[in-house]
file coords24.pdb (PDB, C-alpha atoms and all ligand atoms)
ATOM      1  CA  MET A 124     106.481 102.557 134.963
ATOM      2  CA  ILE A 125     104.082 102.017 132.070
ATOM      3  CA  LYS A 126     104.607 104.611 129.336
ATOM      4  CA  ALA A 127     103.033 103.079 126.233
ATOM      5  CA  PHE A 128     100.164 100.949 125.048
ATOM      6  CA  ILE A 129     100.749  98.793 121.960
ATOM      7  CA  PHE A 130      97.627  97.553 120.196
ATOM      8  CA  ASP A 131      97.173  94.675 117.820
ATOM      9  CA  LEU A 132      94.650  95.639 115.125
ATOM     10  CA  ASP A 133      92.486  92.737 113.950
ATOM     11  CA  GLY A 134      90.218  91.582 116.769
ATOM     12  CA  VAL A 135      91.420  94.254 119.226
ATOM     13  CA  ILE A 136      90.677  97.617 117.602
ATOM     14  CA  VAL A 137      88.287  96.467 114.897
ATOM     15  CA  ASP A 138      86.384  93.242 114.442
ATOM     16  CA  THR A 139      88.109  92.318 111.194
ATOM     17  CA  ALA A 140      88.975  88.835 112.487
ATOM     18  CA  LYS A 141      85.565  87.715 111.187
ATOM     19  CA  TYR A 142      86.384  89.100 107.723
ATOM     20  CA  HIS A 143      89.747  87.307 107.580
ATOM     21  CA  PHE A 144      87.939  84.106 108.622
ATOM     22  CA  ALA A 145      85.220  84.496 105.977
ATOM     23  CA  ALA A 146      87.733  85.230 103.194
ATOM     24  CA  TRP A 147      90.038  82.326 104.120
ATOM     25  CA  ARG A 148      87.059  79.982 104.371
ATOM     26  CA  ARG A 149      85.863  81.006 100.933
ATOM     27  CA  MET A 150      89.312  80.172  99.580
ATOM     28  CA  ALA A 151      89.439  76.829 101.404
ATOM     29  CA  ASN A 152      85.971  75.901 100.115
ATOM     30  CA  GLU A 153      86.904  76.759  96.530
ATOM     31  CA  LEU A 154      89.861  74.403  96.918
ATOM     32  CA  GLY A 155      87.555  71.646  98.228
ATOM     33  CA  ALA A 156      88.693  72.054 101.839
ATOM     34  CA  ASP A 157      87.428  73.682 105.023
ATOM     35  CA  PHE A 158      88.543  74.473 108.571
ATOM     36  CA  THR A 159      86.896  75.043 111.939
ATOM     37  CA  GLU A 160      86.550  78.096 114.124
ATOM     38  CA  LYS A 161      88.933  76.441 116.570
ATOM     39  CA  GLU A 162      91.545  76.060 113.833
ATOM     40  CA  ASN A 163      90.913  79.684 112.919
ATOM     41  CA  GLU A 164      92.256  80.724 116.337
ATOM     42  CA  LYS A 165      95.659  79.468 115.115
ATOM     43  CA  LEU A 166      95.493  81.870 112.156
ATOM     44  CA  LYS A 167      94.999  84.995 114.241
ATOM     45  CA  GLY A 168      98.130  87.150 114.290
ATOM     46  CA  VAL A 169      99.763  84.956 111.646
ATOM     47  CA  SER A 170     100.967  86.461 108.347
ATOM     48  CA  ARG A 171      99.126  85.912 105.074
ATOM     49  CA  MET A 172     101.556  83.344 103.649
ATOM     50  CA  ASP A 173     101.961  81.457 106.933
ATOM     51  CA  SER A 174      98.153  81.352 107.134
ATOM     52  CA  ILE A 175      97.683  79.873 103.668
ATOM     53  CA  ASN A 176     100.283  77.206 104.424
ATOM     54  CA  LEU A 177      98.416  76.201 107.596
ATOM     55  CA  ILE A 178      95.016  76.079 105.844
ATOM     56  CA  LEU A 179      96.389  73.974 102.991
ATOM     57  CA  SER A 180      98.042  71.554 105.409
ATOM     58  CA  TRP A 181      94.800  71.159 107.423
ATOM     59  CA  GLY A 182      92.883  70.430 104.204
ATOM     60  CA  GLY A 183      95.560  68.159 102.760
ATOM     61  CA  VAL A 184      95.824  70.404  99.671
ATOM     62  CA  THR A 185      99.123  70.819  97.826
ATOM     63  CA  LEU A 186      99.750  73.874  95.658
ATOM     64  CA  SER A 187     102.791  75.205  93.804
ATOM     65  CA  GLU A 188     104.404  78.346  95.266
ATOM     66  CA  ALA A 189     102.997  80.361  92.330
ATOM     67  CA  ASP A 190      99.460  79.090  93.007
ATOM     68  CA  LYS A 191      99.833  79.845  96.718
ATOM     69  CA  LEU A 192     100.654  83.447  95.859
ATOM     70  CA  LYS A 193      97.698  83.602  93.476
ATOM     71  CA  TRP A 194      95.223  82.277  96.070
ATOM     72  CA  ALA A 195      96.641  84.494  98.816
ATOM     73  CA  ALA A 196      96.126  87.512  96.531
ATOM     74  CA  GLN A 197      92.582  86.342  95.805
ATOM     75  CA  LYS A 198      91.864  85.976  99.530
ATOM     76  CA  ASN A 199      93.158  89.487 100.055
ATOM     77  CA  GLU A 200      90.814  90.824  97.354
ATOM     78  CA  TRP A 201      87.850  89.223  99.114
ATOM     79  CA  TYR A 202      89.083  90.577 102.438
ATOM     80  CA  LEU A 203      89.427  94.089 100.987
ATOM     81  CA  GLU A 204      85.827  93.975  99.795
ATOM     82  CA  PHE A 205      84.861  93.825 103.480
ATOM     83  CA  LEU A 206      87.514  96.280 104.625
ATOM     84  CA  ASN A 207      86.607  98.932 102.068
ATOM     85  CA  LYS A 208      83.052  98.983 103.401
ATOM     86  CA  MET A 209      84.102  99.540 107.018
ATOM     87  CA  THR A 210      83.023 102.635 108.922
ATOM     88  CA  PRO A 211      84.027 104.063 112.341
ATOM     89  CA  SER A 212      80.969 102.257 113.785
ATOM     90  CA  GLU A 213      83.051  99.054 113.587
ATOM     91  CA  ILE A 214      85.628 100.184 116.133
ATOM     92  CA  LEU A 215      85.254  97.742 119.019
ATOM     93  CA  PRO A 216      83.548  98.974 122.230
ATOM     94  CA  GLY A 217      85.769 100.896 124.635
ATOM     95  CA  VAL A 218      88.631 101.424 122.169
ATOM     96  CA  LEU A 219      87.971 105.058 121.273
ATOM     97  CA  PRO A 220      87.469 106.319 124.861
ATOM     98  CA  LEU A 221      90.671 104.512 125.867
ATOM     99  CA  LEU A 222      92.685 106.004 122.966
ATOM    100  CA  LYS A 223      91.373 109.469 123.812
ATOM    101  CA  ASP A 224      92.250 109.136 127.486
ATOM    102  CA  LEU A 225      95.719 107.772 126.679
ATOM    103  CA  ARG A 226      96.441 110.795 124.504
ATOM    104  CA  LYS A 227      95.097 113.186 127.091
ATOM    105  CA  LYS A 228      97.302 111.682 129.795
ATOM    106  CA  GLY A 229     100.445 111.638 127.655
ATOM    107  CA  TYR A 230     100.880 107.884 127.101
ATOM    108  CA  LYS A 231     102.440 106.755 123.815
ATOM    109  CA  ILE A 232     100.273 104.660 121.492
ATOM    110  CA  ALA A 233     101.616 102.140 118.980
ATOM    111  CA  LEU A 234     100.156  99.617 116.560
ATOM    112  CA  GLY A 235     101.707  96.145 116.394
ATOM    113  CA  SER A 236      99.964  94.162 113.664
ATOM    114  CA  SER A 237     100.943  91.392 111.235
ATOM    115  CA  SER A 238      98.605  92.812 108.609
ATOM    116  CA  LYS A 239      99.760  94.525 105.451
ATOM    117  CA  ASN A 240      96.364  96.242 105.378
ATOM    118  CA  ALA A 241      96.703  97.850 108.821
ATOM    119  CA  GLU A 242      97.148 101.438 107.695
ATOM    120  CA  ARG A 243      94.183 101.208 105.336
ATOM    121  CA  ALA A 244      91.993  99.791 108.152
ATOM    122  CA  LEU A 245      93.016 102.548 110.598
ATOM    123  CA  ARG A 246      92.227 105.210 107.997
ATOM    124  CA  LYS A 247      88.883 103.580 107.121
ATOM    125  CA  VAL A 248      87.723 103.805 110.736
ATOM    126  CA  ARG A 249      89.397 107.238 111.136
ATOM    127  CA  ILE A 250      91.741 106.571 114.043
ATOM    128  CA  PHE A 251      95.074 106.671 112.196
ATOM    129  CA  SER A 252      96.083 109.945 113.855
ATOM    130  CA  TYR A 253      95.973 108.512 117.389
ATOM    131  CA  PHE A 254      99.092 106.403 116.799
ATOM    132  CA  ASN A 255     102.616 107.625 117.526
ATOM    133  CA  THR A 256     104.039 104.740 115.533
ATOM    134  CA  ILE A 257     102.700 101.956 113.346
ATOM    135  CA  ILE A 258     104.478  98.638 112.940
ATOM    136  CA  ASP A 259     102.666  96.302 110.560
ATOM    137  CA  GLY A 260     103.185  93.406 108.173
ATOM    138  CA  THR A 261     104.881  95.692 105.648
ATOM    139  CA  LYS A 262     107.695  96.382 108.129
ATOM    140  CA  THR A 263     108.317  93.036 109.828
ATOM    141  CA  THR A 264     110.223  90.039 108.542
ATOM    142  CA  ARG A 265     109.026  87.539 111.155
ATOM    143  CA  SER A 266     105.397  86.829 112.037
ATOM    144  CA  LYS A 267     103.991  86.463 115.574
ATOM    145  CA  PRO A 268     104.697  84.440 117.797
ATOM    146  CA  ASP A 269     108.074  86.073 117.105
ATOM    147  CA  PRO A 270     108.233  89.255 119.240
ATOM    148  CA  GLN A 271     109.750  91.361 116.411
ATOM    149  CA  VAL A 272     106.657  93.488 115.748
ATOM    150  CA  PHE A 273     106.394  94.610 119.383
ATOM    151  CA  GLN A 274     110.149  95.032 119.788
ATOM    152  CA  MET A 275     110.199  97.347 116.772
ATOM    153  CA  GLY A 276     107.316  99.326 118.276
ATOM    154  CA  ALA A 277     109.080  99.745 121.619
ATOM    155  CA  GLN A 278     112.330 100.701 119.867
ATOM    156  CA  ARG A 279     110.588 103.377 117.803
ATOM    157  CA  LEU A 280     109.165 104.820 121.023
ATOM    158  CA  ARG A 281     112.577 104.492 122.708
ATOM    159  CA  LEU A 282     111.044 102.428 125.506
ATOM    160  CA  LYS A 283     111.835  99.136 127.165
ATOM    161  CA  PRO A 284     109.389  96.212 126.858
ATOM    162  CA  GLU A 285     108.523  96.421 130.552
ATOM    163  CA  GLU A 286     107.329  99.997 130.002
ATOM    164  CA  CYS A 287     104.714  98.831 127.483
ATOM    165  CA  ILE A 288     101.419  96.950 127.650
ATOM    166  CA  VAL A 289     100.467  94.933 124.566
ATOM    167  CA  PHE A 290      96.805  94.211 123.700
ATOM    168  CA  GLU A 291      96.255  90.976 121.799
ATOM    169  CA  ASP A 292      93.366  88.699 120.763
ATOM    170  CA  ALA A 293      95.604  86.000 119.250
ATOM    171  CA  GLU A 294      97.336  83.083 120.938
ATOM    172  CA  SER A 295     100.355  83.797 118.734
ATOM    173  CA  GLY A 296     100.259  87.466 119.780
ATOM    174  CA  VAL A 297     100.136  86.762 123.516
ATOM    175  CA  GLU A 298     103.057  84.380 123.053
ATOM    176  CA  ALA A 299     104.972  87.015 121.066
ATOM    177  CA  ALA A 300     104.465  89.721 123.688
ATOM    178  CA  LEU A 301     105.521  87.437 126.533
ATOM    179  CA  ALA A 302     108.582  86.266 124.582
ATOM    180  CA  GLY A 303     109.603  89.921 124.198
ATOM    181  CA  GLY A 304     109.203  90.692 127.908
ATOM    182  CA  PHE A 305     106.095  92.888 127.549
ATOM    183  CA  TYR A 306     103.045  93.075 129.761
ATOM    184  CA  VAL A 307     100.115  91.625 127.833
ATOM    185  CA  VAL A 308      96.362  92.011 128.009
ATOM    186  CA  GLY A 309      94.486  89.178 126.285
ATOM    187  CA  MET A 310      91.296  90.242 124.508
ATOM    188  CA  GLY A 311      88.888  87.307 124.320
ATOM    189  CA  SER A 312      88.647  84.138 126.339
ATOM    190  CA  PRO A 313      90.962  82.899 129.129
ATOM    191  CA  LYS A 314      90.508  79.437 127.576
ATOM    192  CA  ASN A 315      93.100  80.157 124.909
ATOM    193  CA  LEU A 316      94.669  83.405 126.182
ATOM    194  CA  GLY A 317      95.232  82.299 129.769
ATOM    195  CA  ASP A 318      98.969  83.031 129.665
ATOM    196  CA  ALA A 319      98.322  86.787 129.374
ATOM    197  CA  HIS A 320      98.743  88.933 132.500
ATOM    198  CA  VAL A 321      95.005  89.631 132.378
ATOM    199  CA  VAL A 322      92.197  88.702 129.975
ATOM    200  CA  TYR A 323      89.195  90.902 129.168
ATOM    201  CA  SER A 324      86.269  90.141 126.870
ATOM    202  CA  SER A 325      85.905  93.842 126.029
ATOM    203  CA  LEU A 326      87.643  97.144 126.734
ATOM    204  CA  GLU A 327      84.330  98.817 127.454
ATOM    205  CA  GLY A 328      84.351 100.785 130.703
ATOM    206  CA  LEU A 329      87.989  99.992 131.579
ATOM    207  CA  THR A 330      90.229 102.774 132.847
ATOM    208  CA  ILE A 331      93.965 103.174 132.206
ATOM    209  CA  ASP A 332      94.744 102.767 135.886
ATOM    210  CA  SER A 333      92.651  99.621 136.299
ATOM    211  CA  ILE A 334      94.410  97.998 133.328
ATOM    212  CA  ILE A 335      97.874  98.897 134.647
ATOM    213  CA  GLN A 336      96.986  97.571 138.079
ATOM    214  CA  ALA A 337      95.599  94.329 136.651
ATOM    215  CA  VAL A 338      98.691  93.485 134.569
ATOM    216  CA  LYS A 339     101.042  94.272 137.446
ATOM    217  CA  ASN A 340      99.048  92.127 139.879
ATOM    218  CA  LYS A 341      99.791  88.859 138.131
TER     219      LYS A 341
HETATM  220  C1  LIG A 401      96.535  89.804 111.349
HETATM  221  C2  LIG A 401      95.354  88.862 111.384
HETATM  222  C3  LIG A 401      95.621  87.616 110.565
HETATM  223  C4  LIG A 401      96.113  87.995 109.177
HETATM  224  C5  LIG A 401      97.380  88.823 109.283
HETATM  225  C6  LIG A 401      97.896  89.264 107.915
HETATM  226  O1  LIG A 401      97.513  89.322 112.204
HETATM  227  O2  LIG A 401      95.043  88.471 112.712
HETATM  228  O3  LIG A 401      94.419  86.881 110.482
HETATM  229  O4  LIG A 401      96.381  86.843 108.414
HETATM  230  O5  LIG A 401      97.085  89.987 110.057
HETATM  231  O6  LIG A 401      96.961  90.140 107.345
HETATM  232  P1  LIG A 401      97.021  90.692 105.866
HETATM  233  O7  LIG A 401      96.000  91.816 105.890
HETATM  234  O8  LIG A 401      98.390  91.202 105.622
HETATM  235  O9  LIG A 401      96.640  89.589 104.973
HETATM  236 MG    MG A 402      94.527  90.120 116.238
END
call {"tool": "encode", "arguments": {"input": "coords24.pdb", "output": "structure tokens", "more": "lines below"}}
Ligand code: G6P
Ligand code: MG
result
Amino acid sequence: MIKAFIFDLDGVIVDTAKYHFAAWRRMANELGADFTEKENEKLKGVSRMDSINLILSWGGVTLSEADKLKWAAQKNEWYLEFLNKMTPSEILPGVLPLLKDLRKKGYKIALGSSSKNAERALRKVRIFSYFNTIIDGTKTTRSKPDPQVFQMGAQRLRLKPEECIVFEDAESGVEAALAGGFYVVGMGSPKNLGDAHVVYSSLEGLTIDSIIQAVKNK
């Protein structure tokens, strides 16, 4: 029986994936490098330091560990400039009605994000109070595709993975959820999220029951 819904943040609840992309690209460009939107898919769900390592390797740029930390902090400052301007209007379509219905019907709600800025983002768009538990990049030691973030969420809720549905827009996140034994809804395109139990392009108009039925039908 499904008892909880665990949401990734960036690209599932709010469209911050585009802000991460813009900030990382600005950094890459300042270092004389660049990367494509397709490569960017590989950054989704991946921690800040793992991301910088990937971008530098794609661009053939070598930096000292100290410089990596400096550039990662700079990227975060640029990212926060976007984040600090966010309003509740940037919650993705269908998310708020779903959260409200989940609460009404007594389902548990968790956040499972790699971001260290997750709490700030949830407060900016005023949905922090919907979550029974928040697991983010400040609490995990291993980044997706490791299932740790979702396992910690399920543990906090005292539930088994098979009682939870994870919502993910990242290839690494779908992989993480499957590795942990969770049901997973991919948010985006079946082209790269095809391993998920079901893939939707948007949560708009979806009901709790239709989602549960869809993941169990695979
Ligand atoms: C999420 C995003 C990634 C981001 C990571 C760390 O998983 O999808 O693009 O790199 O969080 O975010 P942070 O806010 O801690 O830099
Ligand atoms: Mg995401």
call {"tool": "closest_atom_pairs", "arguments": {"input": "coords24.pdb", "of": "chain A", "to": "ligand LIG 401 (chain A)", "cutoff": "10 Å", "atoms": "only C-alpha atoms and all ligand atoms", "output": "CSV"}}
result
residue,atom,partner,partner_atom,distance
A:Asp131,CA,A:LIG401,O1,7.8
A:Leu132,CA,A:LIG401,C1,7.2
A:Asp133,CA,A:LIG401,O2,5.1
A:Gly134,CA,A:LIG401,O2,7.0
A:Val135,CA,A:LIG401,O2,9.4
A:Thr139,CA,A:LIG401,C2,8.0
A:Ala140,CA,A:LIG401,O2,6.1
A:Lys141,CA,A:LIG401,O3,8.9
A:Tyr142,CA,A:LIG401,O3,8.8
A:His143,CA,A:LIG401,O3,5.5
A:Phe144,CA,A:LIG401,O3,7.3
A:Trp147,CA,A:LIG401,O4,8.9
A:Asn163,CA,A:LIG401,O3,8.4
A:Glu164,CA,A:LIG401,O3,8.8
A:Lys165,CA,A:LIG401,O3,8.8
A:Leu166,CA,A:LIG401,O3,5.4
A:Lys167,CA,A:LIG401,O2,3.8
A:Gly168,CA,A:LIG401,O1,3.1
A:Val169,CA,A:LIG401,O1,4.9
A:Ser170,CA,A:LIG401,C6,4.2
A:Arg171,CA,A:LIG401,O4,4.4
A:Met172,CA,A:LIG401,O4,7.9
A:Asp173,CA,A:LIG401,O4,7.9
A:Ser174,CA,A:LIG401,O4,5.9
A:Ile175,CA,A:LIG401,O4,8.5
A:Ala195,CA,A:LIG401,O9,8.0
A:Ala196,CA,A:LIG401,O9,8.7
A:Lys198,CA,A:LIG401,O9,8.1
A:Asn199,CA,A:LIG401,O9,6.0
A:Glu200,CA,A:LIG401,O9,9.7
A:Tyr202,CA,A:LIG401,O7,7.8
A:Leu203,CA,A:LIG401,O7,8.5
A:Leu206,CA,A:LIG401,O7,9.7
A:Gly235,CA,A:LIG401,O1,9.0
A:Ser236,CA,A:LIG401,O1,5.6
A:Ser237,CA,A:LIG401,O1,4.1
A:Ser238,CA,A:LIG401,O6,3.4
A:Lys239,CA,A:LIG401,O8,3.6
A:Asn240,CA,A:LIG401,O7,4.5
A:Ala241,CA,A:LIG401,O7,6.7
A:Glu242,CA,A:LIG401,O7,9.9
A:Arg243,CA,A:LIG401,O7,9.6
A:Ala244,CA,A:LIG401,O7,9.2
A:Asp259,CA,A:LIG401,O8,8.3
A:Gly260,CA,A:LIG401,O8,5.9
A:Thr261,CA,A:LIG401,O8,7.9
A:Ser266,CA,A:LIG401,O1,8.3
A:Lys267,CA,A:LIG401,O1,7.8
A:Glu291,CA,A:LIG401,O2,9.5
A:Asp292,CA,A:LIG401,O2,8.2
A:Ala293,CA,A:LIG401,O2,7.0
A:Ser295,CA,A:LIG401,O1,9.0
A:Gly296,CA,A:LIG401,O1,8.3
call {"tool": "resolve_selection", "arguments": {"input": "coords24.pdb", "expression": "the PyMOL selection byres (((chain A and resi 329-333) around 12) and not hetatm)", "output": "PyMOL selection string"}}
result
chain A and resi 124-128+216-230+288+308+321+323-328+334-340
call {"tool": "closest_residue", "arguments": {"input": "coords24.pdb", "among": "A:Gly276, A:Glu286, A:Glu294, A:Gln197", "to": "Ser312 in chain A", "atoms": "all atoms listed in the file"}}
result
A:Glu294
call {"tool": "closest_residue", "arguments": {"input": "coords24.pdb", "among": "A:Gly311, A:Phe158, A:Val248, A:Met150", "to": "ligand MG 402 (chain A)", "atoms": "only C-alpha atoms and all ligand atoms"}}
result
A:Gly311
call {"tool": "axis_aligned_box", "arguments": {"input": "coords24.pdb", "around": "range 194-205 of chain A", "padding_each_side": "8 Å", "output": "lines of an AutoDock Vina configuration file"}}
result
center_x = 90.8
center_y = 88.2
center_z = 99.6
size_x = 27.8
size_y = 27.8
size_z = 23.7
call {"tool": "closest_residue", "arguments": {"input": "coords24.pdb", "among": "A:Ala319, A:Ala233, A:Met310, A:Met209", "to": "ligand MG 402 (chain A)", "atoms": "all atoms listed in the file"}}
result
A:Met310
call {"tool": "residues_around", "arguments": {"input": "coords24.pdb", "residues": "range 278-280 of chain A", "least_positions_apart": "4", "cutoff": "9 Å", "atoms": "all atoms listed in the file", "output": "VMD selection string"}}
result
chain A and resid 127 231 to 233 255 to 256 273 to 274 284
call {"tool": "atom_distance", "arguments": {"input": "coords24.pdb", "atom1": "CA of Thr210 in chain A", "atom2": "CA of Phe290 in chain A"}}
result
21.9 Å
call {"tool": "atom_distance", "arguments": {"input": "coords24.pdb", "atom1": "CA of Ile258 in chain A", "atom2": "CA of Ser180 in chain A"}}
result
28.8 Å
call {"tool": "closest_residue", "arguments": {"input": "coords24.pdb", "among": "A:Asn152, A:Ile129, A:Ile136, A:Leu192", "to": "Tyr306 in chain A", "atoms": "all atoms listed in the file"}}
result
A:Ile129
call {"tool": "atom_distance", "arguments": {"input": "coords24.pdb", "atom1": "CA of Ser187 in chain A", "atom2": "CA of Ala146 in chain A"}}
result
20.4 Å
call {"tool": "decode", "arguments": {"input": "coords24.pdb", "residues": "range 264-281 of chain A", "atoms": "N, CA and C atoms", "output": "tab-separated table (two decimals), in the first residue's frame"}}
result
chain	number	residue	atom	x	y	z
A	264	THR	N	25.39	12.04	2.55
A	264	THR	CA	26.84	11.96	2.31
A	264	THR	C	27.13	11.42	0.92
A	265	ARG	N	26.12	10.84	0.28
A	265	ARG	CA	26.30	10.29	-1.07
A	265	ARG	C	25.24	10.88	-1.99
A	266	SER	N	25.68	11.30	-3.18
A	266	SER	CA	24.78	11.95	-4.14
A	266	SER	C	24.04	10.91	-4.96
A	267	LYS	N	22.85	11.26	-5.50
A	267	LYS	CA	22.17	10.40	-6.45
A	267	LYS	C	23.17	10.10	-7.58
A	268	PRO	N	23.26	8.95	-8.17
A	268	PRO	CA	22.31	7.84	-8.18
A	268	PRO	C	22.35	6.91	-6.97
A	269	ASP	N	23.08	7.28	-5.91
A	269	ASP	CA	23.00	6.48	-4.69
A	269	ASP	C	21.61	6.70	-4.07
A	270	PRO	N	20.96	5.65	-3.58
A	270	PRO	CA	19.60	5.81	-3.05
A	270	PRO	C	19.51	6.44	-1.67
A	271	GLN	N	20.65	6.83	-1.07
A	271	GLN	CA	20.66	7.29	0.32
A	271	GLN	C	19.59	8.33	0.66
A	272	VAL	N	19.44	9.33	-0.20
A	272	VAL	CA	18.51	10.43	0.11
A	272	VAL	C	17.08	9.93	0.28
A	273	PHE	N	16.68	8.97	-0.56
A	273	PHE	CA	15.31	8.45	-0.47
A	273	PHE	C	15.19	7.45	0.69
A	274	GLN	N	16.24	6.69	0.91
A	274	GLN	CA	16.22	5.74	2.04
A	274	GLN	C	16.09	6.49	3.36
A	275	MET	N	16.81	7.61	3.47
A	275	MET	CA	16.70	8.41	4.71
A	275	MET	C	15.29	8.97	4.88
A	276	GLY	N	14.69	9.38	3.75
A	276	GLY	CA	13.32	9.89	3.80
A	276	GLY	C	12.35	8.83	4.29
A	277	ALA	N	12.44	7.63	3.71
A	277	ALA	CA	11.54	6.54	4.09
A	277	ALA	C	11.75	6.16	5.56
A	278	GLN	N	13.02	6.13	5.98
A	278	GLN	CA	13.32	5.79	7.38
A	278	GLN	C	12.69	6.79	8.34
A	279	ARG	N	12.84	8.07	8.02
A	279	ARG	CA	12.25	9.12	8.87
A	279	ARG	C	10.75	8.95	8.99
A	280	LEU	N	10.12	8.48	7.91
A	280	LEU	CA	8.66	8.30	7.92
A	280	LEU	C	8.28	6.92	8.48
A	281	ARG	N	9.30	6.13	8.80
A	281	ARG	CA	9.10	4.75	9.26
A	281	ARG	C	8.31	3.92	8.25
